[in-house]
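Novice: The file below is entry03.tsv, TSV, C-alpha atoms:
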chain	number	residue	atom	x	y	z
A	1316	MET	CA	25.90	49.37	-5.06
A	1317	ASN	CA	24.85	46.02	-6.56
A	1318	ASP	CA	21.97	43.87	-5.27
A	1319	GLY	CA	24.27	41.53	-3.38
A	1320	THR	CA	25.92	44.40	-1.50
A	1321	LYS	CA	22.53	45.95	-0.73
A	1322	ALA	CA	21.35	42.63	0.71
A	1323	GLN	CA	24.44	42.40	2.93
A	1324	VAL	CA	23.94	45.95	4.20
A	1325	ALA	CA	20.28	45.23	4.92
A	1326	ALA	CA	21.28	42.08	6.80
A	1327	LEU	CA	23.80	44.01	8.92
A	1328	LEU	CA	21.22	46.66	9.83
A	1329	GLN	CA	18.74	44.00	10.88
A	1330	LEU	CA	21.40	42.14	12.85
A	1331	GLN	CA	22.28	45.27	14.83
A	1332	SER	CA	18.73	45.37	16.11
A	1333	ILE	CA	18.77	41.65	16.88
A	1334	LEU	CA	22.03	41.92	18.83
A	1335	LEU	CA	20.70	44.82	20.92
A	1336	ASP	CA	17.51	42.93	21.79
A	1337	ALA	CA	19.06	39.53	22.55
A	1338	ASP	CA	19.28	38.61	26.24
A	1339	SER	CA	20.98	35.25	25.70
A	1340	VAL	CA	22.82	33.15	23.14
A	1341	GLU	CA	19.60	31.20	22.53
A	1342	ASP	CA	17.67	34.42	21.82
A	1343	LEU	CA	20.37	35.61	19.45
A	1344	ALA	CA	20.71	32.35	17.53
A	1345	GLY	CA	16.94	31.91	17.29
A	1346	ALA	CA	16.35	35.41	15.93
A	1347	VAL	CA	19.20	35.12	13.44
A	1348	ALA	CA	18.05	31.69	12.22
A	1349	ARG	CA	14.59	33.09	11.53
A	1350	ALA	CA	16.04	36.16	9.81
A	1351	ALA	CA	18.36	34.07	7.67
A	1352	ALA	CA	15.50	31.83	6.63
A	1353	VAL	CA	13.62	34.89	5.35
A	1354	HIS	CA	16.43	36.83	3.71
A	1355	VAL	CA	18.95	34.34	2.32
A	1356	GLY	CA	16.60	32.87	-0.26
A	1357	PRO	CA	13.01	31.81	-1.01
A	1358	ALA	CA	11.66	28.96	1.12
A	1359	THR	CA	14.96	28.66	3.00
A	1360	SER	CA	15.12	26.96	6.39
A	1361	ALA	CA	17.98	27.73	8.77
A	1362	THR	CA	19.50	26.22	11.89
A	1363	PHE	CA	22.48	26.94	14.09
A	1364	THR	CA	24.72	24.20	15.45
A	1365	LEU	CA	26.99	24.79	18.44
A	1366	ARG	CA	29.83	22.34	18.95
A	1367	ARG	CA	31.59	22.66	22.28
A	1368	ASP	CA	34.42	20.33	23.28
A	1369	GLY	CA	33.51	18.06	20.37
A	1370	ARG	CA	29.82	17.75	21.25
A	1371	PRO	CA	27.32	19.23	18.75
A	1372	THR	CA	23.97	20.61	19.89
A	1373	LEU	CA	21.15	22.45	18.17
A	1374	MET	CA	21.10	26.11	19.24
A	1375	SER	CA	18.12	27.16	17.14
A	1376	ALA	CA	16.06	26.30	14.08
A	1377	SER	CA	13.61	28.19	11.92
A	1378	ASP	CA	11.40	25.09	11.61
A	1379	PRO	CA	11.13	21.50	12.93
A	1380	ALA	CA	12.00	19.82	9.61
A	1381	ALA	CA	15.43	21.45	9.44
A	1382	ALA	CA	16.01	20.68	13.11
A	1383	ALA	CA	15.21	17.00	12.51
A	1384	CYS	CA	17.85	16.79	9.76
A	1385	ASP	CA	20.47	18.27	12.08
A	1386	GLU	CA	19.56	15.86	14.86
A	1387	VAL	CA	20.15	12.91	12.52
A	1388	GLU	CA	23.56	14.35	11.76
A	1389	TYR	CA	24.45	14.67	15.45
A	1390	ALA	CA	23.27	11.12	16.15
A	1391	THR	CA	25.34	9.61	13.34
A	1392	GLY	CA	28.30	11.97	13.63
A	1393	ASP	CA	28.19	12.40	9.87
A	1394	GLY	CA	26.90	15.22	7.69
A	1395	PRO	CA	27.68	18.52	5.96
A	1396	CYS	CA	27.44	20.63	9.11
A	1397	LEU	CA	29.97	18.57	11.07
A	1398	GLU	CA	32.28	18.30	8.08
A	1399	ALA	CA	32.12	22.07	7.62
A	1400	ILE	CA	33.10	22.60	11.26
A	1401	ASP	CA	35.89	20.02	10.98
A	1402	THR	CA	37.36	21.56	7.84
A	1403	GLY	CA	36.54	25.20	8.57
A	1404	ARG	CA	35.09	25.74	5.10
A	1405	LEU	CA	31.72	26.11	3.42
A	1406	ILE	CA	29.98	22.88	2.46
A	1407	HIS	CA	27.42	23.47	-0.31
A	1408	VAL	CA	25.19	20.60	-1.38
A	1409	ALA	CA	23.62	22.02	-4.53
A	1410	ASP	CA	21.51	18.90	-5.19
A	1411	VAL	CA	20.81	16.50	-2.32
A	1412	ALA	CA	19.51	13.84	-4.73
A	1413	ARG	CA	22.94	13.63	-6.39
A	1414	GLU	CA	24.92	13.67	-3.15
A	1415	THR	CA	26.75	10.41	-2.33
A	1416	ARG	CA	28.16	11.36	1.09
A	1417	TRP	CA	26.46	11.15	4.48
A	1418	PRO	CA	23.74	8.59	3.57
A	1419	ARG	CA	21.70	8.84	6.81
A	1420	TRP	CA	21.62	12.62	6.70
A	1421	ARG	CA	20.86	12.57	2.96
A	1422	SER	CA	17.87	10.30	3.54
A	1423	ALA	CA	16.58	12.53	6.33
A	1424	ALA	CA	16.93	15.65	4.18
A	1425	THR	CA	15.09	13.98	1.29
A	1426	ASP	CA	12.35	12.66	3.58
A	1427	HIS	CA	11.74	16.18	4.88
A	1428	GLY	CA	11.49	17.61	1.38
A	1429	PHE	CA	14.87	19.33	1.10
A	1430	ALA	CA	16.81	19.35	-2.16
A	1431	SER	CA	19.60	21.84	-1.29
A	1432	ALA	CA	21.74	22.36	1.78
A	1433	ALA	CA	24.70	24.43	2.90
A	1434	ALA	CA	26.76	24.72	6.08
A	1435	LEU	CA	28.76	27.84	6.96
A	1436	PRO	CA	31.16	27.24	9.87
A	1437	ARG	CA	32.77	29.71	12.25
A	1438	ALA	CA	35.39	29.16	14.96
A	1439	VAL	CA	34.47	31.09	18.10
A	1440	ARG	CA	37.33	30.11	20.42
A	1441	PRO	CA	39.37	26.93	20.98
A	1442	GLY	CA	36.91	24.11	21.54
A	1443	VAL	CA	33.87	26.17	20.51
A	1444	GLU	CA	32.55	26.31	16.93
A	1445	ILE	CA	29.23	27.09	15.28
A	1446	ALA	CA	27.71	26.51	11.88
A	1447	LEU	CA	24.79	28.16	10.11
A	1448	ASN	CA	22.97	25.41	8.21
A	1449	LEU	CA	20.65	26.16	5.32
A	1450	TYR	CA	18.02	23.94	3.70
A	1451	ALA	CA	15.73	24.54	0.71
A	1452	PRO	CA	13.15	22.44	-1.20
A	1453	GLU	CA	14.64	23.19	-4.62
A	1454	PRO	CA	18.08	22.16	-5.93
A	1455	ARG	CA	20.64	24.93	-6.49
A	1456	ALA	CA	18.55	27.23	-4.32
A	1457	TRP	CA	21.19	29.87	-3.58
A	1458	THR	CA	23.37	32.08	-5.69
A	1459	GLU	CA	26.85	33.11	-4.62
A	1460	ALA	CA	25.37	36.46	-3.55
A	1461	ALA	CA	22.80	34.71	-1.35
A	1462	LEU	CA	25.51	32.67	0.36
A	1463	SER	CA	27.43	35.92	0.94
A	1464	VAL	CA	24.40	37.23	2.84
A	1465	ALA	CA	24.38	33.99	4.85
A	1466	ASP	CA	28.04	34.65	5.67
A	1467	VAL	CA	26.99	37.91	7.33
A	1468	TYR	CA	24.51	36.09	9.57
A	1469	ALA	CA	27.08	33.44	10.51
A	1470	ASP	CA	29.67	36.11	11.32
A	1471	GLN	CA	27.32	38.02	13.59
A	1472	VAL	CA	26.24	34.99	15.59
A	1473	ALA	CA	29.90	34.07	16.08
A	1474	CYS	CA	30.61	37.62	17.31
A	1475	GLY	CA	27.58	37.56	19.58
A	1476	LEU	CA	28.54	34.19	21.04
A	1477	THR	CA	32.07	35.49	21.68
A	1478	PHE	CA	30.59	38.41	23.62
A	1479	PHE	CA	28.32	36.19	25.71
A	1480	LEU	CA	31.17	33.80	26.52
A	1481	ARG	CA	33.41	36.69	27.58
A	1482	THR	CA	30.63	38.00	29.80
A	1483	ALA	CA	30.26	34.57	31.39
A	1484	ASP	CA	34.03	34.37	31.88
A	1485	GLN	CA	34.03	37.78	33.57
A	1486	ALA	CA	31.16	36.79	35.85
A	1487	GLU	CA	33.04	33.63	36.89
A	1488	LEU	CA	36.21	35.66	37.50
A	1489	ASN	CA	34.28	38.17	39.59
A	1490	ALA	CA	32.80	35.37	41.69
A	1491	ASP	CA	36.27	33.89	42.25
A	1492	LEU	CA	37.70	37.28	43.24
A	1493	ARG	CA	34.79	37.96	45.59
A	1494	ALA	CA	35.26	34.58	47.30
A	1495	ALA	CA	39.00	35.20	47.63
A	1496	LEU	CA	38.46	38.62	49.22
A	1497	VAL	CA	35.93	37.25	51.69
A	1498	SER	CA	38.34	34.46	52.66
A	1499	ARG	CA	41.16	36.98	53.10
A	1500	ALA	CA	38.99	39.14	55.36
A	1501	VAL	CA	38.15	36.19	57.64
A	1502	ILE	CA	41.80	35.13	57.81
A	1503	ASP	CA	42.85	38.69	58.67
A	1504	GLN	CA	40.30	38.78	61.49
A	1505	ALA	CA	41.66	35.50	62.87
A	1506	ILE	CA	45.26	36.76	62.67
A	1507	GLY	CA	44.25	39.78	64.72
A	1508	VAL	CA	42.70	37.56	67.38
A	1509	ILE	CA	45.79	35.32	67.56
A	1510	MET	CA	48.12	38.35	67.75
A	1511	ALA	CA	46.15	39.76	70.67
A	1512	GLU	CA	46.00	36.45	72.54
A	1513	ASN	CA	49.64	35.46	71.96
A	1514	ARG	CA	51.27	38.90	71.78
A	1515	CYS	CA	52.99	37.91	68.54
A	1516	THR	CA	53.62	39.35	65.10
A	1517	SER	CA	51.26	38.86	62.16
A	1518	ALA	CA	53.71	36.42	60.56
A	1519	GLU	CA	53.81	34.35	63.73
A	1520	ALA	CA	50.02	34.48	63.99
A	1521	MET	CA	49.70	33.20	60.42
A	1522	SER	CA	52.12	30.36	61.23
A	1523	ILE	CA	49.99	29.40	64.26
A	1524	LEU	CA	46.82	29.49	62.15
A	1525	ARG	CA	48.36	27.34	59.40
A	1526	SER	CA	49.65	24.82	61.95
A	1527	ALA	CA	46.18	24.53	63.51
A	1528	SER	CA	44.62	24.12	60.07
A	1529	ARG	CA	46.99	21.26	59.19
A	1530	HIS	CA	46.57	19.61	62.57
A	1531	ARG	CA	42.77	19.61	62.32
A	1532	LYS	CA	42.84	18.81	58.59
A	1533	THR	CA	40.56	21.70	57.73
A	1534	LYS	CA	40.76	24.56	55.27
A	1535	LEU	CA	42.60	27.67	56.37
A	1536	ARG	CA	39.50	29.84	55.94
A	1537	ASP	CA	37.34	27.46	58.00
A	1538	MET	CA	39.99	27.38	60.72
A	1539	ALA	CA	40.10	31.18	60.72
A	1540	GLY	CA	36.32	31.32	60.99
A	1541	ALA	CA	36.39	29.01	64.00
A	1542	VAL	CA	38.98	31.21	65.71
A	1543	VAL	CA	36.89	34.35	65.20
A	1544	GLU	CA	33.67	32.65	66.26
A	1545	GLY	CA	35.35	31.33	69.40
A	1546	VAL	CA	36.10	34.88	70.51
A	1547	ALA	CA	33.11	36.78	69.15
A	1548	GLY	CA	30.49	34.14	69.83
A	1549	SER	CA	29.17	34.43	66.29
A	1550	PRO	CA	30.47	33.65	62.79
A	1551	PRO	CA	32.80	36.27	61.27
A	1552	CYS	CA	31.33	39.12	59.27
A	1553	HIS	CA	31.63	38.37	55.54
A	1554	ALA	CA	31.61	41.94	54.31
A	1555	ASP	CA	31.64	42.00	50.50
A	1556	THR	CA	34.07	44.78	49.55
A	1557	PHE	CA	34.49	43.64	45.96
A	1558	VAL	CA	33.04	46.04	43.39
A	1559	GLU	CA	32.78	44.93	39.79
A	1560	ARG	CA	34.41	47.18	37.21
A	1561	ALA	CA	31.09	47.94	35.53
A	1562	ARG	CA	29.65	49.15	38.83
A	1563	VAL	CA	32.70	51.31	39.54
A	1564	ALA	CA	32.43	52.90	36.10
A	1565	ASP	CA	28.74	53.53	36.68
A	1566	ARG	CA	29.43	55.21	40.00
A	1567	VAL	CA	32.15	57.38	38.48
A	1568	HIS	CA	29.82	58.37	35.67
A	1569	ARG	CA	27.04	59.33	38.09
A	1570	ALA	CA	29.48	61.30	40.26
If you took the structure in this file and wrote it as structure tokens, what would it be?
Specialist:
Amino acid sequence: MNDGTKAQVAALLQLQSILLDADSVEDLAGAVARAAAVHVGPATSATFTLRRDGRPTLMSASDPAAAACDEVEYATGDGPCLEAIDTGRLIHVADVARETRWPRWRSAATDHGFASAAALPRAVRPGVEIALNLYAPEPRAWTEAALSVADVYADQVACGLTFFLRTADQAELNADLRAALVSRAVIDQAIGVIMAENRCTSAEAMSILRSASRHRKTKLRDMAGAVVEGVAGSPPCHADTFVERARVADRVHRA
């Protein structure tokens, strides 16, 4: 096993611990930026950019100087990080002093004492991209092996962000399903009331409820709630019968 492979393995082992300890995307990105700054190369600074729906933001930075360079890039819309995200490929600025692109960013990097930079982009999902950005005070600061280690850090943050986004999506879906079930329960209660009062079928009761909802220009659920409250004297019971899959699995495991 050569030194480059050993460094990648060491990075993966450290990242496993970081991923287990992270409670949020910000925690994950911050820990990985600090780790990358230590392990990619001597005197390296690291930041993570998140671009969502075309808008870049700073997720984390190992130090304020690197963060300031990124902020200049976001303000001008021009720099290696954004170009890396646009093109989906590594941008390596081996010597900032010789770079002719991105003049505002180049000036900021020089003013903050950086002579090398690199941006490693990753697509997370449509409309969501990240980039690991590296800065160093010496030109040609990183070997190919060092950038391969940086690749590992970029990959893991992309994977972690994918997980957090999926979790958020599931939470939103659960909330929508819970709201739908509560609405259905109220409507069913109202249908029962209408059936009893009008001695009609459930289909006819639903037709009556819909007609009343349209006539009063109110939502079907609100109309159903008014029907139930008119008979019971209190708002309908909003029993939450929805059980998230994780909770079901936990209950099965404990049983």
Novice: Which residues, written as a ChimeraX atom specification, have at least one atom at most 10 Å from Ala1383 (chain A), with all atoms listed in the file counted and residues fewer than 3 positions away on the same chain left out?
Specialist: /A:1373,1376,1378-1380,1386-1389,1420,1423-1424,1427
Novice: Could you dump the residues just selected with C-alpha atoms as a CSV table (one decimal), in the frame of the given file?
Specialist:
chain,number,residue,atom,x,y,z
A,1373,LEU,CA,21.2,22.4,18.2
A,1376,ALA,CA,16.1,26.3,14.1
A,1378,ASP,CA,11.4,25.1,11.6
A,1379,PRO,CA,11.1,21.5,12.9
A,1380,ALA,CA,12.0,19.8,9.6
A,1386,GLU,CA,19.6,15.9,14.9
A,1387,VAL,CA,20.2,12.9,12.5
A,1388,GLU,CA,23.6,14.4,11.8
A,1389,TYR,CA,24.4,14.7,15.4
A,1420,TRP,CA,21.6,12.6,6.7
A,1423,ALA,CA,16.6,12.5,6.3
A,1424,ALA,CA,16.9,15.6,4.2
A,1427,HIS,CA,11.7,16.2,4.9
Novice: Of the candidates A:Gly1345, A:Gly1356, A:Gly1394, A:Gly1403, which one gets nearest to Ala1456 (chain A) if we count only C-alpha atoms?
Specialist: A:Gly1356
Novice: When you count all atoms listed in the file, which of these residues is closest to Ser1375 (chain A): A:Ser1422, A:Asn1513, A:Gln1504, A:Asn1448?
Specialist: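 Counting all atoms listed in the file, the residue closest to Ser1375 (chain A) is A:Asn1448.
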Novice: Which of these residues is nearest to Ala1352 (chain A), using all atoms listed in the file: A:Ala1461, A:Cys1384, A:Ala1399, A:Ala1390?
Specialist: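 Closest candidate: A:Ala1461.
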Novice: Which residue is closest to Ser1498 (chain A)? Choose from A:Lys1534, A:Val1472, A:Ser1526, A:Ser1517 and count all atoms listed in the file.
Specialist: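 Closest to Ser1498 (chain A) of all the choices is A:Lys1534.
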Novice: To one decimal place in Å, what is the distance between CA of Thr1458 (chain A) and CA of Ala1361 (chain A)?
Specialist: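 Here the two named atoms are 16.0 Å from each other.
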Novice: What does the structure give for the distance between CA of Ile1406 (chain A) and CA of Ala1432 (chain A), in Å to one decimal?
Specialist: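 Value for the CA of Ile1406 (chain A)-CA of Ala1432 (chain A) distance: 8.3 Å.
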Novice: Just checking: using all atoms listed in the file, which residue out of A:Ala1430, A:Val1355, A:Ala1346, A:Ile1506 ends up closest to Val1411 (chain A)?
Specialist: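 Closest to Val1411 (chain A), using all atoms listed in the file: A:Ala1430.
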Novice: Choose the residue, out of A:Thr1533, A:Ser1431, A:Ser1377, A:Ser1522, that has the smallest atom-to-atom separation from Asp1410 (chain A); count all atoms listed in the file.
Specialist: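 Counting all atoms listed in the file, the residue closest to Asp1410 (chain A) is A:Ser1431.
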Novice: Which value, in Å to one decimal, gives the distance between CA of His1530 (chain A) and CA of Ser1549 (chain A)?
Specialist: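 Calculated distance between CA of His1530 (chain A) and CA of Ser1549 (chain A) is 23.2 Å.
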Novice: May I have the residues within 12 Å of Pro1371 (chain A) as a list in words, using only C-alpha atoms and disregarding those fewer than 3 positions away in the same chain?
Specialist: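 Surrounding residues, per the criterion: Phe1363, Thr1364, Leu1365, Arg1366, Arg1367, Asp1368, Met1374, Asp1385, Glu1386, Val1387, Glu1388, Tyr1389, Ala1390, Thr1391, Gly1392, Asp1393, Gly1394, Cys1396, Leu1397, Glu1398, Ile1400, Asp1401, Gly1442, Val1443, Glu1444, Ile1445 and Ala1446 of chain A.
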